[in-house]
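**Student:** Quick one: the structure is below, questions incoming.
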Amino acid sequence: MNSRGGFVPSQSAHAYDAQALRVAIGANLHDPIAESSLCELGDVYRLDADARMYKLTLLPEVSDGGFQRVAEGSEIGEPGDSIELQSVLTLIAPDGETVEVLYVRHGAAGRGFAIPLSPMAPRTDYALINASDDIGDVHITDIVCVSFAAGTMITLPSGLQRPIDKLKTGEKVLTRDHGGQEIRWIGKATMRARGAFAPVVISAGTLGNLGDLAVSPHHRVFVYQQGDDRLGDTAALFIQAKHLIDGNRVTRREGGFVDYYFLIFDRHEVIYAEGIPSESLMINDATISNLPPEIARAVDAHLPGLRHAPHFGTEIGAELLDEKARRRLFRRSDSF
């Protein structure tokens with residue numbers, strides 16, 4: 001941990017036994033997920049309702065053979081065992097949500113594991129739409145995805161803005177509902193800006209933002225709708241950044257590395273990032289379980305027992321955000 005309470009969590013991932021993710025409909029009926037050569041496009045997979053999530057702790061170095069070695073504290077294997085990343089599989093849920101899954105093999109036991117790059121729901125159908133053994137430069141220890149990119153301007157109670165990477169624990173930030181609120185903890189993750197981890201960039205003016213806003217794909221922006229022509233059932237909406245991508249105003253920025261930061265408050269807050277209302281990290285049992293273990297332990301150590309009630313607002317998914325809906329949400333850059 002550094003002096004600001006940030007981590008570079010390059011040691012752990014969460015994995016399911018491959019047997020917990022099986023074909024429910026398709027050519028390979030009942031077969032577990034496996035390397036790309038054994039999979040059939042179009043097969044539908046389901047995650048067992050009682051599937052256990054294992055912590056896989058690894059040394060960060062990658063061998064010439066393309067594998068990593070198990071480190072102390074792993075629930076899979078013994079220290080020094082090899083873990084090989086064999087395939088990247090892309091699945092799609094009925095609502096159009098895609099999930100990339102890394103298939104890895106524990107060399108000593110010959111046992112396969114599935115590592116989702118975003119959360120998967122049990123008893124949900126996921127159709128396989130792509131399977132590749134070309135993993136590029138992905139490392140298993142890259143699996144983490146949190147919040148705002150470095151340089152994001154955060155609004156203070158005075159109205160001034162400060163880059164998120166210059167904020168300190170104990171400083172106050174302007175919130176939409178509770179005025180100036182003290183930052184309880186700041187987390188950091190450094191990772192390759194590739195695929196599911198490449199930041200989503202909302203260009204200046206698209207949602208009234210003053211500058212480009214770069215966030216992790218699952219980070220949610222807050223939209224308050226006025227008038228009767230609304231998306232969803234409520235005026236207050238949360239929208240994951242990846243659902244806003246249109247290839248023009250909102251894009252993915254791939255290449256190199258990205259520093260992601262998240263802010264924790266006493267409550268789940270809506271703060272202002274580049275002028276856009278955006279959520280702070282919500283702490284509850286579900287989010288804690290999806291954080292890298294080092295960060296999860298640090299949050300519990302610094303803020304024991306902290307659990308947030310969600311900020312009021314309806315989350316809408318990709319099914320409501322067609323091109324017409326995006327046009328209603330977006331504001332033309334040249335009008336600001």
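Simple scheme: letters A, B, ... for chains in structure tokens order, numbers from 1 for residues in each chain, numbers from 1 for ligands in the order shown.
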So which residues of range 120-298 of chain A fall under strand (DSSP E) by DSSP, listed as a PyMOL selection string?
**Tutor:** chain A and resi 126-132+148-149+153-155+161-163+172-175+179-182+185-192+200-202+213-215+220-224+236-240+250-252+257-264+270-273+276-279
**Student:** Using only C-alpha atoms, what does the table of range 74-127 of chain A residues within 7 Å of range 25-41 of chain A look like, with each row giving the shortest atom pair and its distance in Å to one decimal, sorted by chain and ascending number, as JSON lines?
**Tutor:**
```
{"residue": "A:Gln86", "atom": "CA", "partner": "A:Glu35", "partner_atom": "CA", "distance": 6.1}
{"residue": "A:Ser87", "atom": "CA", "partner": "A:Glu35", "partner_atom": "CA", "distance": 5.4}
{"residue": "A:Tyr103", "atom": "CA", "partner": "A:Glu35", "partner_atom": "CA", "distance": 6.2}
```
**Student:** Would you export the selected residues with N, CA, C and O atoms as a CSV table (one decimal), in the first residue's frame, please?
**Tutor:**
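Saved the output as again01.csv:
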```csv
chain,number,residue,atom,x,y,z
A,86,GLN,N,-5.2,-20.4,-21.7
A,86,GLN,CA,-5.3,-21.1,-23.0
A,86,GLN,C,-6.2,-20.4,-24.0
A,86,GLN,O,-5.9,-20.5,-25.2
A,87,SER,N,-7.3,-19.8,-23.6
A,87,SER,CA,-8.3,-19.3,-24.5
A,87,SER,C,-9.0,-18.1,-24.0
A,87,SER,O,-9.2,-18.0,-22.8
A,103,TYR,N,-10.2,-19.0,-20.2
A,103,TYR,CA,-10.1,-20.4,-19.8
A,103,TYR,C,-8.6,-20.7,-19.5
A,103,TYR,O,-7.7,-20.5,-20.3
```
**Student:** Give me the residues within 9 Å of Ser280 in chain A as JSON, numbers by chain, counting only C-alpha atoms and dropping any in the same chain fewer than 6 places off.
**Tutor:** {"A": [147, 219, 220, 262, 263, 264, 265, 267, 268, 269, 270, 271]}
**Student:** Contacts between range 316-330 of chain A and range 78-185 of chain A, please, where a residue of range 78-185 of chain A counts if it comes within 10 Å (with only C-alpha atoms); show its shortest atom pair and distance in Å to one decimal, rows by chain and ascending number, as a Markdown table.
**Tutor:**
```
| residue | atom | partner | partner_atom | distance |
| --- | --- | --- | --- | --- |
| A:Pro94 | CA | A:Glu319 | CA | 9.7 |
| A:Asp95 | CA | A:Glu319 | CA | 6.2 |
| A:Gly96 | CA | A:Ala318 | CA | 6.7 |
| A:Glu97 | CA | A:Ala318 | CA | 7.1 |
```
**Student:** Would you list the contacts of Ile283 in chain A as a ChimeraX atom specification, taking every protein, DNA or RNA residue within 12 Å and counting only C-alpha atoms, but skipping same-chain residues closer than 5 positions in sequence?
**Tutor:** /A:184-185,262-269,288-291,295-296,299-300,303-311
**Student:** Could you write out that same residue set with N, CA, C and O atoms as a compact mmCIF listing (two decimals), in the first residue's frame?
**Tutor:**
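Full text of result39.txt as output:
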```txt
# COMPACT_ATOMS: atom_id res chain seq x y z
N ARG A 184 -13.34 8.70 2.46
CA ARG A 184 -12.91 7.76 3.49
C ARG A 184 -11.74 6.90 3.04
O ARG A 184 -10.93 6.46 3.86
N TRP A 185 -11.66 6.61 1.76
CA TRP A 185 -10.57 5.76 1.26
C TRP A 185 -10.45 5.91 -0.24
O TRP A 185 -11.43 6.17 -0.94
N PHE A 262 -10.76 4.69 -7.53
CA PHE A 262 -12.13 4.77 -7.02
C PHE A 262 -12.12 5.44 -5.66
O PHE A 262 -11.13 5.42 -4.92
N LEU A 263 -13.25 6.08 -5.34
CA LEU A 263 -13.40 6.83 -4.09
C LEU A 263 -14.50 6.19 -3.26
O LEU A 263 -15.55 5.83 -3.79
N ILE A 264 -14.25 6.06 -1.95
CA ILE A 264 -15.24 5.52 -1.03
C ILE A 264 -15.62 6.58 -0.01
O ILE A 264 -14.75 7.25 0.56
N PHE A 265 -16.93 6.72 0.21
CA PHE A 265 -17.47 7.66 1.19
C PHE A 265 -18.29 6.88 2.23
O PHE A 265 -18.44 5.66 2.12
N ASP A 266 -18.82 7.60 3.21
CA ASP A 266 -19.67 6.94 4.21
C ASP A 266 -20.93 6.36 3.58
O ASP A 266 -21.48 5.38 4.06
N ARG A 267 -21.38 7.01 2.48
CA ARG A 267 -22.55 6.54 1.75
C ARG A 267 -22.17 6.34 0.29
O ARG A 267 -21.15 6.82 -0.18
N HIS A 268 -23.02 5.60 -0.41
CA HIS A 268 -22.89 5.51 -1.86
C HIS A 268 -23.35 6.86 -2.42
O HIS A 268 -24.53 7.20 -2.31
N GLU A 269 -22.44 7.63 -2.99
CA GLU A 269 -22.72 9.00 -3.39
C GLU A 269 -22.69 9.15 -4.91
O GLU A 269 -22.10 8.34 -5.63
N ILE A 288 -17.84 -6.19 -2.71
CA ILE A 288 -16.64 -6.65 -2.01
C ILE A 288 -16.15 -7.96 -2.60
O ILE A 288 -14.95 -8.18 -2.80
N SER A 289 -17.09 -8.88 -2.90
CA SER A 289 -16.70 -10.19 -3.42
C SER A 289 -16.10 -10.09 -4.81
O SER A 289 -15.35 -10.98 -5.23
N ASN A 290 -16.40 -9.01 -5.55
CA ASN A 290 -15.86 -8.85 -6.90
C ASN A 290 -14.59 -8.01 -6.94
O ASN A 290 -13.98 -7.89 -8.00
N LEU A 291 -14.20 -7.42 -5.81
CA LEU A 291 -12.95 -6.67 -5.77
C LEU A 291 -11.77 -7.64 -5.68
O LEU A 291 -11.90 -8.74 -5.17
N ILE A 295 -7.55 -5.51 -2.27
CA ILE A 295 -8.34 -4.30 -2.05
C ILE A 295 -9.49 -4.59 -1.10
O ILE A 295 -9.80 -3.79 -0.22
N ALA A 296 -10.14 -5.74 -1.27
CA ALA A 296 -11.24 -6.10 -0.38
C ALA A 296 -10.78 -6.14 1.08
O ALA A 296 -11.45 -5.62 1.98
N VAL A 299 -10.12 -2.55 2.29
CA VAL A 299 -11.36 -1.83 2.60
C VAL A 299 -11.90 -2.26 3.95
O VAL A 299 -12.29 -1.43 4.79
N ASP A 300 -11.93 -3.57 4.20
CA ASP A 300 -12.44 -4.06 5.49
C ASP A 300 -11.54 -3.64 6.64
O ASP A 300 -12.01 -3.40 7.75
N LEU A 303 -12.14 0.33 6.83
CA LEU A 303 -13.54 0.70 7.06
C LEU A 303 -14.33 -0.53 7.50
O LEU A 303 -15.24 -0.98 6.79
N PRO A 304 -13.99 -1.09 8.65
CA PRO A 304 -14.62 -2.35 9.07
C PRO A 304 -16.14 -2.22 9.19
O PRO A 304 -16.64 -1.27 9.79
N GLY A 305 -16.83 -3.16 8.59
CA GLY A 305 -18.28 -3.19 8.70
C GLY A 305 -19.01 -2.23 7.79
O GLY A 305 -20.26 -2.21 7.79
N LEU A 306 -18.30 -1.41 7.02
CA LEU A 306 -18.98 -0.45 6.16
C LEU A 306 -19.75 -1.17 5.05
O LEU A 306 -19.19 -1.99 4.32
N ARG A 307 -21.03 -0.88 4.95
CA ARG A 307 -21.86 -1.38 3.87
C ARG A 307 -22.82 -0.27 3.47
O ARG A 307 -23.39 0.41 4.32
N HIS A 308 -22.98 -0.08 2.18
CA HIS A 308 -23.79 1.02 1.66
C HIS A 308 -25.16 0.54 1.21
O HIS A 308 -25.28 -0.54 0.62
N ALA A 309 -26.16 1.36 1.45
CA ALA A 309 -27.42 1.21 0.73
C ALA A 309 -27.24 1.90 -0.62
O ALA A 309 -26.58 2.94 -0.71
N PRO A 310 -27.78 1.33 -1.70
CA PRO A 310 -27.58 1.95 -3.01
C PRO A 310 -28.27 3.30 -3.12
O PRO A 310 -29.34 3.52 -2.56
N HIS A 311 -27.61 4.22 -3.81
CA HIS A 311 -28.21 5.51 -4.12
C HIS A 311 -29.47 5.28 -4.94
O HIS A 311 -29.53 4.38 -5.78
```
**Student:** Determine, counting only C-alpha atoms, which protein, DNA and RNA residues have an atom within 8 Å of an atom of Arg249 in chain A; residues of the same chain fewer than 4 positions away are not included. Present the result as an MDAnalysis selection string.
**Tutor:** chainID A and resid 202:203 206 245
**Student:** Could you write out that same residue set with N, CA, C and O atoms as a PDB file, in the first residue's frame?
**Tutor:**
```pdb
ATOM      1  N   ILE A 202     -16.032   9.230 -22.707  1.00  0.00           N
ATOM      2  CA  ILE A 202     -17.198  10.046 -23.054  1.00  0.00           C
ATOM      3  C   ILE A 202     -16.659  11.412 -23.439  1.00  0.00           C
ATOM      4  O   ILE A 202     -16.131  12.144 -22.592  1.00  0.00           O
ATOM      5  N   SER A 203     -16.721  11.752 -24.715  1.00  0.00           N
ATOM      6  CA  SER A 203     -16.081  12.972 -25.195  1.00  0.00           C
ATOM      7  C   SER A 203     -16.761  14.212 -24.632  1.00  0.00           C
ATOM      8  O   SER A 203     -17.952  14.206 -24.291  1.00  0.00           O
ATOM      9  N   THR A 206     -20.710  15.571 -24.474  1.00  0.00           N
ATOM     10  CA  THR A 206     -21.688  14.531 -24.794  1.00  0.00           C
ATOM     11  C   THR A 206     -22.809  14.471 -23.766  1.00  0.00           C
ATOM     12  O   THR A 206     -23.994  14.355 -24.109  1.00  0.00           O
ATOM     13  N   ILE A 245     -21.530   3.466 -25.563  1.00  0.00           N
ATOM     14  CA  ILE A 245     -20.596   3.472 -26.691  1.00  0.00           C
ATOM     15  C   ILE A 245     -21.361   3.510 -28.022  1.00  0.00           C
ATOM     16  O   ILE A 245     -22.241   2.682 -28.280  1.00  0.00           O
TER      17      ILE A 245
END
```
**Student:** Tell me which protein, DNA and RNA residues are within 10 Å of range 158-168 of chain A, counting only C-alpha atoms, leaving out same-chain ones fewer than 5 positions away, and put them as a PyMOL selection string.
**Tutor:** chain A and resi 3-6+148-153+173-174+180+182-186+188+259-263+272-275
**Student:** How would the residues just chosen look if you wrote them out with C-alpha atoms as a CSV table (one decimal), in the first residue's frame?
**Tutor:**
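The file below, again.csv, is the result:
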```
chain,number,residue,atom,x,y,z
A,3,SER,CA,0.9,6.6,1.4
A,4,ARG,CA,-2.4,7.5,-0.2
A,5,GLY,CA,-4.0,4.1,0.4
A,6,GLY,CA,-3.8,3.0,-3.2
A,148,PHE,CA,-12.2,6.7,-12.9
A,149,ALA,CA,-9.0,7.0,-15.0
A,150,ALA,CA,-6.1,9.1,-13.7
A,151,GLY,CA,-6.5,12.8,-14.5
A,152,THR,CA,-10.3,12.8,-14.1
A,153,MET,CA,-11.3,16.2,-12.7
A,173,VAL,CA,-15.7,16.3,-2.5
A,174,LEU,CA,-19.0,17.8,-3.7
A,180,GLY,CA,-19.3,18.3,0.8
A,182,GLU,CA,-15.1,13.4,3.2
A,183,ILE,CA,-13.3,10.8,1.3
A,184,ARG,CA,-12.9,7.8,3.5
A,185,TRP,CA,-10.6,5.8,1.3
A,186,ILE,CA,-8.9,5.9,-2.2
A,188,LYS,CA,-6.0,2.4,-7.3
A,259,ASP,CA,-4.5,3.9,-13.8
A,260,TYR,CA,-8.0,3.5,-12.4
A,261,TYR,CA,-9.0,5.2,-9.2
A,262,PHE,CA,-12.1,4.8,-7.0
A,263,LEU,CA,-13.4,6.8,-4.1
A,272,TYR,CA,-19.1,15.2,-10.3
A,273,ALA,CA,-16.4,14.0,-12.6
A,274,GLU,CA,-15.6,16.3,-15.5
A,275,GLY,CA,-19.0,17.8,-14.5
```
**Student:** Nearest to Ala235 in chain A among A:Tyr54, A:Ile92, A:Glu315, A:Ser216, with distances taken over only C-alpha atoms: which residue is it?
**Tutor:**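 Closest residue, counting only C-alpha atoms: A:Glu315.
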**Student:** What's the separation between CA of Leu237 in chain A and CA of Leu210 in chain A, in Å to one decimal place?
**Tutor:**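 Between CA of Leu237 in chain A and CA of Leu210 in chain A the gap works out to 20.5 Å.
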**Student:** For Gly247 in chain A, which of A:Ala301, A:Val201, A:Leu56, A:Ile115 is the closest residue, counting only C-alpha atoms?
**Tutor:** A:Val201
**Student:** Find the distance between CA of Arg105 in chain A and CA of Pro199 in chain A and write it in Å to one decimal.
**Tutor:**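 Going from CA of Arg105 in chain A over to CA of Pro199 in chain A, I get 28.3 Å.
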**Student:** Which residue gives the smallest distance to Leu213 in chain A among A:Pro157, A:Phe197, A:His178, A:Pro277, with only C-alpha atoms counted?
**Tutor:**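 Checking each candidate against Leu213 in chain A, we get A:Pro277 as the closest.
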**Student:** With a distance cut-off of 10 Å and only C-alpha atoms, select the neighbouring residues of Gly256 in chain A, excluding the residue or stretch itself and same-chain residues fewer than 3 positions from it, and output the selection as a list of chain:residue names.
**Tutor:**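 Here the qualifying residues turn out to be A:Met191, A:Arg192, A:Ala193, A:Arg194, A:Ala198, A:Arg253.
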**Student:** Could the residues in this selection be saved with C-alpha atoms as a short mmCIF file (atom, residue, chain, number, x, y, z; two decimals), in the first residue's frame?
**Tutor:**
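Saved file result.cif follows:
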```cif
data_model
loop_
_atom_site.label_atom_id
_atom_site.label_comp_id
_atom_site.auth_asym_id
_atom_site.auth_seq_id
_atom_site.Cartn_x
_atom_site.Cartn_y
_atom_site.Cartn_z
CA MET A 191 -3.70 -2.44 -15.79
CA ARG A 192 -3.41 -2.93 -19.53
CA ALA A 193 -5.97 -0.93 -21.48
CA ARG A 194 -7.13 -3.86 -23.57
CA ALA A 198 -9.91 -0.51 -21.94
CA ARG A 253 -9.50 3.76 -25.72
#
```
**Student:** Compare A:Ala131, A:Leu207, A:Ala51, A:Leu59 by their minimum atom-to-atom distance to Asp81 in chain A, counting only C-alpha atoms, and give me the closest one.
**Tutor:**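 Nearest candidate to Asp81 in chain A out of A:Ala131, A:Leu207, A:Ala51, A:Leu59: A:Leu59.
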**Student:** Smallest atom-to-atom distance to Met120 in chain A: which of A:Glu254, A:Asp43, A:Asp48, A:Glu171, using only C-alpha atoms?
**Tutor:**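 Of the candidates, the smallest distance to Met120 in chain A is held by A:Asp48.
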**Student:** Would you please work out which residue, of A:Gly73, A:Gly179, A:Gly112, A:Pro217, is nearest to His243 in chain A when using only C-alpha atoms?
**Tutor:**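 Result for the nearest residue to His243 in chain A: A:Pro217.
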